[in-house]
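One structure is given below, encoded as structure tokens.
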Amino acid sequence: MNILEHIKQELPWLDSNTVYDLTRGKPAPEQLDITQKYYSQLSTPYEMDDIDLRNYGSPEGLPSARKLGSEILKTNFDETHALDNSSLTLMHQIISCAFFLGFKNSKLHSESKIICPVPGYDRHFKLLENFGIKMLTVPFQKDGPDLNAVKDLLDKESNIHGIVCVPRHSNPTGHTFSDNNVQHLFELLVPFKENFSIYWDNAYACHDIDNTIQQTPADQVATRFGLENNLFQVGSTSKITLAGSGISFISSSKENLSKFIDFRNAITPGPNKMNQGMHVRYFELISIEQQMNELKKIIKPKFELVNEILKPLKDQGYCDYEKPSGGYFYSIDSAKSNADQIVQNCLELGLKLLPMGSCFPYGIDPDKKNIRLAPTFPDLASLERCVTIFHNVLKYLN
Ligand SMILES: Cc1ncc(COP(=O)(O)O)c(C=O)c1O
């Protein structure tokens with residue numbers, strides 16, 4: 001009996017019509033329903049902060065929306081801009097601006113290299129690849145990027161012009177960087193500050209599921225080391241309110257933001273201020289903390305369920321992972337170098353996973369072990385089936 005026949009016998013509910021999907025970190029409809037419940041009570045604002053929301057202009061965003069961004073990212077109001085819906089787009093624009101105009105201490109060119117802690121966010125890597133930027137990987141240590149590996153690269157390689165980090169509940173490993181790690185990381189970067197970008201994607205800034213350490217705001221650490229012109233923080237409300245219709249935020253030095261506006265003025269006559277106004281009104285009805293608590297009620301049981309199903313495999317050495325304390329993902333390492341076989345067999349049983357290597361630059365996982373699971377979208381019953389398929393395939397192949 002081959003593996004597929006074997007597992008079909010173990011899981012009699014499998015059929016050839018149902019598609020199970022753990023590929024993307026999407027909010028479940030029930031999460032979006034929470035937002036809709038309050039959102040639908042709002043009346044559309046046309047004026048706010050003495051600004052006509054209907055018109056062009058305010059390239060830095062509505063002051064009240066910027067305030068919201070500075071609360072989410074824990075940044076200074078006057079160093080925080082509120083823009084359109086996607087922080088990934090902002091990352092793209094920051095990198096474009098570094099390429100084509102150059103910021104004071106952040107300039108990219110075709111020989112530039114960027115340090116990428118791995119496993120990491122696949123879209124970051126695709127974005128950098130699209131610009132032809134060479135990506136150099138470092139592993140994680142328990143509390144952030146592996147600092148010895150970062151130091152090694154900085155010592156050996158030329159033209160290293162940046163690092164890309166997700167400092168809280170990193171996608172997909174769930175790492176939350178300690179203050180000690182961030183301080184030492186920034187300290188290592190000081191000699192390179194004439195041309196170095198720290199891309200600090202705080203997509204999961206307030207997405208704790210279990211107790212998570214407090215972090216000193218990154219701009220305070222950067223300022224301590226004179227790196228304020230090197231730090232670019234981004235975030236959004238995509239996974240707080242509406243994934244495709246939120247607000248994104250950028251925070252950097254005033255000088256960098258002014259250059260960024262200059263660059264963006266040729267891209268857009270201004271952000272969507274009506275949507276910003278809706279979000280400001282939204283958070284007058286419900287606090288960010290209350291909103292995140294409501295979402296947690298939906299997400300936490302899903303994360304618990306994944307752990308419940310996979311922990312016995314971890315305990316018996318079939319795989320390794322850390323249960324994340326927040327964010328949107330599980331990062332699983334198979335005990336053998338067989339991630340492609342696992343993904344392929346899951347697919348043949350109806351479960352879609354990201355292809356092997358997705359969480360690594362150029363799609364290359366040197367150990368061929370890593371698989372990302374995104375448990376938020378399916379309902380609990382469906383998630384149980386997804387993870388059970390994964391469990392049985394992983395166990396069989398190891
Ligand atoms: C680390 C990280 N950054 C950015 C995004 C996308 O955010 P946005 O919707 O603001 O573009 C995601 C979504 O999965 C993410 O995991």
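Letters A, B, ... mark the chains of the structure tokens in the order given; residue numbers begin at 1 per chain; ligand numbers begin at 1, in order shown.
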At a cut-off of 6 Å around ligand 1, and using only C-alpha atoms and all ligand atoms, what residues come up? Please write them as a PDB file with N, CA and C atoms, in the first residue's frame.
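Contents of the output file part.pdb:
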ATOM      1  N   GLY A  25      -1.573  33.646   5.202  1.00  0.00           N
ATOM      2  CA  GLY A  25      -2.012  34.152   6.493  1.00  0.00           C
ATOM      3  C   GLY A  25      -3.157  35.140   6.337  1.00  0.00           C
ATOM      4  N   SER A  86      -1.584  48.976   2.169  1.00  0.00           N
ATOM      5  CA  SER A  86      -0.660  47.848   2.337  1.00  0.00           C
ATOM      6  C   SER A  86       0.745  48.274   2.761  1.00  0.00           C
ATOM      7  N   SER A  87       1.219  47.699   3.862  1.00  0.00           N
ATOM      8  CA  SER A  87       2.579  48.000   4.308  1.00  0.00           C
ATOM      9  C   SER A  87       3.603  47.366   3.369  1.00  0.00           C
ATOM     10  N   LEU A  88       3.209  46.293   2.691  1.00  0.00           N
ATOM     11  CA  LEU A  88       4.133  45.678   1.732  1.00  0.00           C
ATOM     12  C   LEU A  88       4.394  46.641   0.574  1.00  0.00           C
ATOM     13  N   TYR A 121       9.599  36.087   5.608  1.00  0.00           N
ATOM     14  CA  TYR A 121       8.346  36.358   4.868  1.00  0.00           C
ATOM     15  C   TYR A 121       8.610  36.265   3.373  1.00  0.00           C
ATOM     16  N   VAL A 166      11.228  41.222  11.000  1.00  0.00           N
ATOM     17  CA  VAL A 166       9.851  41.286  11.536  1.00  0.00           C
ATOM     18  C   VAL A 166      10.013  41.051  13.037  1.00  0.00           C
ATOM     19  N   ASN A 171       7.243  36.376  10.932  1.00  0.00           N
ATOM     20  CA  ASN A 171       6.638  35.487   9.938  1.00  0.00           C
ATOM     21  C   ASN A 171       7.740  34.650   9.313  1.00  0.00           C
ATOM     22  N   ASP A 201       9.671  45.598   9.836  1.00  0.00           N
ATOM     23  CA  ASP A 201       8.262  45.373   9.459  1.00  0.00           C
ATOM     24  C   ASP A 201       7.508  44.858  10.675  1.00  0.00           C
ATOM     25  N   ALA A 203       4.492  44.079  11.348  1.00  0.00           N
ATOM     26  CA  ALA A 203       3.148  43.661  10.927  1.00  0.00           C
ATOM     27  C   ALA A 203       2.335  43.077  12.082  1.00  0.00           C
ATOM     28  N   GLY A 235       4.005  49.128   9.205  1.00  0.00           N
ATOM     29  CA  GLY A 235       2.972  48.289   9.808  1.00  0.00           C
ATOM     30  C   GLY A 235       1.654  48.657   9.186  1.00  0.00           C
ATOM     31  N   SER A 236       0.607  47.993   9.610  1.00  0.00           N
ATOM     32  CA  SER A 236      -0.708  48.306   9.026  1.00  0.00           C
ATOM     33  C   SER A 236      -1.815  47.776   9.928  1.00  0.00           C
ATOM     34  N   SER A 238      -3.978  45.835   8.527  1.00  0.00           N
ATOM     35  CA  SER A 238      -4.503  44.720   7.714  1.00  0.00           C
ATOM     36  C   SER A 238      -5.005  43.565   8.573  1.00  0.00           C
ATOM     37  N   ALA A 243      -8.359  43.164   6.028  1.00  0.00           N
ATOM     38  CA  ALA A 243      -7.049  42.827   5.444  1.00  0.00           C
ATOM     39  C   ALA A 243      -6.757  43.574   4.147  1.00  0.00           C
ATOM     40  N   SER A 248      -1.936  51.635   6.104  1.00  0.00           N
ATOM     41  CA  SER A 248      -0.552  51.249   6.387  1.00  0.00           C
ATOM     42  C   SER A 248       0.182  52.461   6.958  1.00  0.00           C
TER      43      SER A 248
END
Practice prompt. Please report, as a VMD selection string, each residue of segment 57-140 of chain A to which DSSP assigns helix (DSSP H, G or I) when run on this structure's backbone.
Written response: chain A and resid 63 to 73 77 to 79 87 to 100 122 to 130
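The space separating atom CA of Glu322 of chain A from atom CA of Phe390 of chain A comes to 16.8 Å.
Put simply, atom CA of Ile94 of chain A is 28.3 Å away from atom CA of Tyr282 of chain A.
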Between segment 201-257 of chain A and segment 46-61 of chain A, at 12 Å or less, what are the per-residue closest atom pairs and their distances in Å? Count only C-alpha atoms, order by chain and rising residue number, and return it as JSON lines.
{"residue": "A:Ile247", "atom": "CA", "partner": "A:Gly61", "partner_atom": "CA", "distance": 9.8}
{"residue": "A:Ser248", "atom": "CA", "partner": "A:Gly61", "partner_atom": "CA", "distance": 10.0}
{"residue": "A:Phe249", "atom": "CA", "partner": "A:Gly61", "partner_atom": "CA", "distance": 9.2}
{"residue": "A:Ile250", "atom": "CA", "partner": "A:Glu60", "partner_atom": "CA", "distance": 9.6}
{"residue": "A:Ser251", "atom": "CA", "partner": "A:Glu60", "partner_atom": "CA", "distance": 10.7}
{"residue": "A:Lys254", "atom": "CA", "partner": "A:Glu60", "partner_atom": "CA", "distance": 11.1}
{"residue": "A:Leu257", "atom": "CA", "partner": "A:Glu60", "partner_atom": "CA", "distance": 8.5}
Discussion item. Taking 3 positions as the minimum chain separation for residues in the same chain, which residues sit within 12 Å of Leu108 of chain A when counting only C-alpha atoms? Answer as number ranges by chain.
Written reply: A: 94-105, 111-114, 128, 131-134, 159-162, 194-197
Worksheet item: Tell me, which residues of segment 118-355 of chain A carry DSSP strand (DSSP E), written as a PyMOL selection string?
Response: chain A and resi 134-138+140-141+144-145+160-165+197-201+231-236+248-251+319-320+330-334+351-352
Write the selection just made, keeping N, CA and C atoms, as a CSV table (one decimal), in the first residue's frame?
chain,number,residue,atom,x,y,z
A,134,LYS,N,20.9,41.3,-3.8
A,134,LYS,CA,21.4,40.0,-3.4
A,134,LYS,C,21.0,39.8,-1.9
A,135,MET,N,20.4,38.7,-1.6
A,135,MET,CA,20.0,38.4,-0.2
A,135,MET,C,21.0,37.4,0.5
A,136,LEU,N,21.4,37.8,1.7
A,136,LEU,CA,22.3,37.0,2.4
A,136,LEU,C,21.6,36.5,3.7
A,137,THR,N,21.5,35.2,3.9
A,137,THR,CA,20.7,34.7,5.0
A,137,THR,C,21.5,34.6,6.3
A,138,VAL,N,20.8,34.8,7.4
A,138,VAL,CA,21.3,34.4,8.7
A,138,VAL,C,20.2,33.6,9.5
A,140,PHE,N,18.1,32.3,13.0
A,140,PHE,CA,17.7,32.9,14.2
A,140,PHE,C,18.4,32.3,15.5
A,141,GLN,N,18.6,33.1,16.5
A,141,GLN,CA,18.9,32.6,17.8
A,141,GLN,C,17.6,32.7,18.6
A,144,GLY,N,16.0,36.5,18.5
A,144,GLY,CA,16.1,37.4,17.4
A,144,GLY,C,17.1,36.8,16.4
A,145,PRO,N,17.5,37.7,15.4
A,145,PRO,CA,18.5,37.2,14.4
A,145,PRO,C,19.8,36.8,15.1
A,160,ILE,N,27.0,45.4,2.0
A,160,ILE,CA,25.8,45.1,2.7
A,160,ILE,C,25.1,46.4,3.1
A,161,HIS,N,23.9,46.6,2.6
A,161,HIS,CA,23.3,47.9,2.8
A,161,HIS,C,21.9,47.8,3.5
A,162,GLY,N,21.7,46.7,4.1
A,162,GLY,CA,20.4,46.6,4.9
A,162,GLY,C,20.2,45.3,5.5
A,163,ILE,N,19.1,45.3,6.3
A,163,ILE,CA,18.6,44.0,7.0
A,163,ILE,C,17.1,44.2,7.0
A,164,VAL,N,16.4,43.1,6.8
A,164,VAL,CA,14.9,43.1,6.9
A,164,VAL,C,14.5,42.2,8.0
A,165,CYS,N,13.7,42.8,8.9
A,165,CYS,CA,13.3,42.1,10.2
A,165,CYS,C,11.8,42.3,10.4
A,197,SER,N,20.1,50.4,5.6
A,197,SER,CA,18.7,50.5,5.9
A,197,SER,C,18.3,49.3,6.8
A,198,ILE,N,17.6,49.7,7.9
A,198,ILE,CA,17.0,48.7,8.8
A,198,ILE,C,15.5,48.7,8.5
A,199,TYR,N,15.1,47.6,7.7
A,199,TYR,CA,13.7,47.5,7.4
A,199,TYR,C,13.0,46.8,8.6
A,200,TRP,N,12.1,47.4,9.3
A,200,TRP,CA,11.6,46.9,10.5
A,200,TRP,C,10.1,46.8,10.3
A,201,ASP,N,9.7,45.6,9.8
A,201,ASP,CA,8.3,45.4,9.5
A,201,ASP,C,7.5,44.9,10.7
A,231,LEU,N,16.6,53.7,10.1
A,231,LEU,CA,15.5,52.9,10.5
A,231,LEU,C,14.2,53.2,9.8
A,232,PHE,N,13.7,52.2,9.1
A,232,PHE,CA,12.4,52.4,8.4
A,232,PHE,C,11.4,51.4,9.0
A,233,GLN,N,10.4,51.9,9.8
A,233,GLN,CA,9.4,51.0,10.4
A,233,GLN,C,8.1,51.0,9.5
A,234,VAL,N,7.5,49.8,9.3
A,234,VAL,CA,6.2,49.8,8.7
A,234,VAL,C,5.3,48.9,9.4
A,235,GLY,N,4.0,49.1,9.2
A,235,GLY,CA,3.0,48.3,9.8
A,235,GLY,C,1.7,48.7,9.2
A,236,SER,N,0.6,48.0,9.6
A,236,SER,CA,-0.7,48.3,9.0
A,236,SER,C,-1.8,47.8,9.9
A,248,SER,N,-1.9,51.6,6.1
A,248,SER,CA,-0.6,51.2,6.4
A,248,SER,C,0.2,52.5,7.0
A,249,PHE,N,1.2,52.2,7.7
A,249,PHE,CA,2.0,53.3,8.4
A,249,PHE,C,3.5,53.1,8.1
A,250,ILE,N,4.2,54.2,8.0
A,250,ILE,CA,5.6,54.2,7.9
A,250,ILE,C,6.1,55.2,9.0
A,251,SER,N,7.2,54.8,9.7
A,251,SER,CA,7.8,55.7,10.6
A,251,SER,C,9.3,55.7,10.3
A,319,CYS,N,9.5,16.0,14.1
A,319,CYS,CA,9.6,17.4,13.6
A,319,CYS,C,10.0,18.3,14.8
A,320,ASP,N,10.3,19.6,14.4
A,320,ASP,CA,10.6,20.5,15.5
A,320,ASP,C,9.9,21.9,15.2
A,330,TYR,N,2.8,29.1,12.0
A,330,TYR,CA,3.7,28.1,12.6
A,330,TYR,C,4.8,27.8,11.6
A,331,SER,N,6.0,27.6,12.0
A,331,SER,CA,7.1,27.2,11.2
A,331,SER,C,7.6,25.9,11.6
A,332,ILE,N,7.4,24.8,10.8
A,332,ILE,CA,7.7,23.5,11.2
A,332,ILE,C,8.9,23.0,10.4
A,333,ASP,N,9.8,22.4,11.2
A,333,ASP,CA,11.0,21.7,10.5
A,333,ASP,C,10.8,20.2,10.6
A,334,SER,N,10.8,19.6,9.5
A,334,SER,CA,10.7,18.1,9.4
A,334,SER,C,12.0,17.6,10.0
A,351,LEU,N,-4.6,18.9,0.6
A,351,LEU,CA,-4.2,20.0,1.5
A,351,LEU,C,-3.1,20.8,0.8
A,352,LYS,N,-3.4,22.1,0.5
A,352,LYS,CA,-2.4,23.0,-0.1
A,352,LYS,C,-1.5,23.6,0.9
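A straight line drawn from atom CA of Pro45 of chain A to atom CA of Leu90 of chain A is 25.0 Å long.
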Item to complete: For each of A:Met274, A:Cys346, A:Leu354, A:Leu185, take the minimum atom-to-atom distance to Asp146 of chain A, counting only C-alpha atoms, then give the residue where this is smallest.
Response: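 Answer, going by the shortest atom-to-atom distance: A:Leu185.
Of the residues under consideration (A:Ile267, A:Ile3, A:Leu153, A:Leu14), A:Ile3 shows the shortest atom-to-atom contact distance to Asn398 of chain A when counting only C-alpha atoms.
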Item to complete: Point out the residue among A:Gln31, A:Gln214, A:Gln290, A:Asn148 with the least atom-to-atom distance to Thr376 of chain A, counting only C-alpha atoms.
Response: A:Gln31
Long-range neighbours of Thr216 of chain A as a PDB file with C-alpha atoms, in the first residue's frame, 10 Å cut-off, only C-alpha atoms, 3 positions minimum in chain:
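selection26.pdb written:
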ATOM      1  CA  LYS A  74       4.773  52.786  19.360  1.00  0.00           C
ATOM      2  CA  SER A 178      14.511  40.834  22.911  1.00  0.00           C
ATOM      3  CA  ASP A 179      15.780  44.319  23.794  1.00  0.00           C
ATOM      4  CA  ASN A 180      19.202  42.818  24.316  1.00  0.00           C
ATOM      5  CA  VAL A 182      18.022  44.557  19.198  1.00  0.00           C
ATOM      6  CA  GLN A 183      20.581  46.643  21.074  1.00  0.00           C
ATOM      7  CA  ILE A 213       7.757  40.224  26.258  1.00  0.00           C
ATOM      8  CA  ASP A 219      13.320  54.151  17.258  1.00  0.00           C
ATOM      9  CA  GLN A 220      14.481  54.748  20.837  1.00  0.00           C
ATOM     10  CA  VAL A 221      17.195  52.114  20.425  1.00  0.00           C
TER      11      VAL A 221
END
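With only C-alpha atoms as the atoms that count, the minimum distance from Gln316 of chain A to the choices A:His92, A:Gly120, A:Tyr328, A:Lys395 is reached by A:Lys395.
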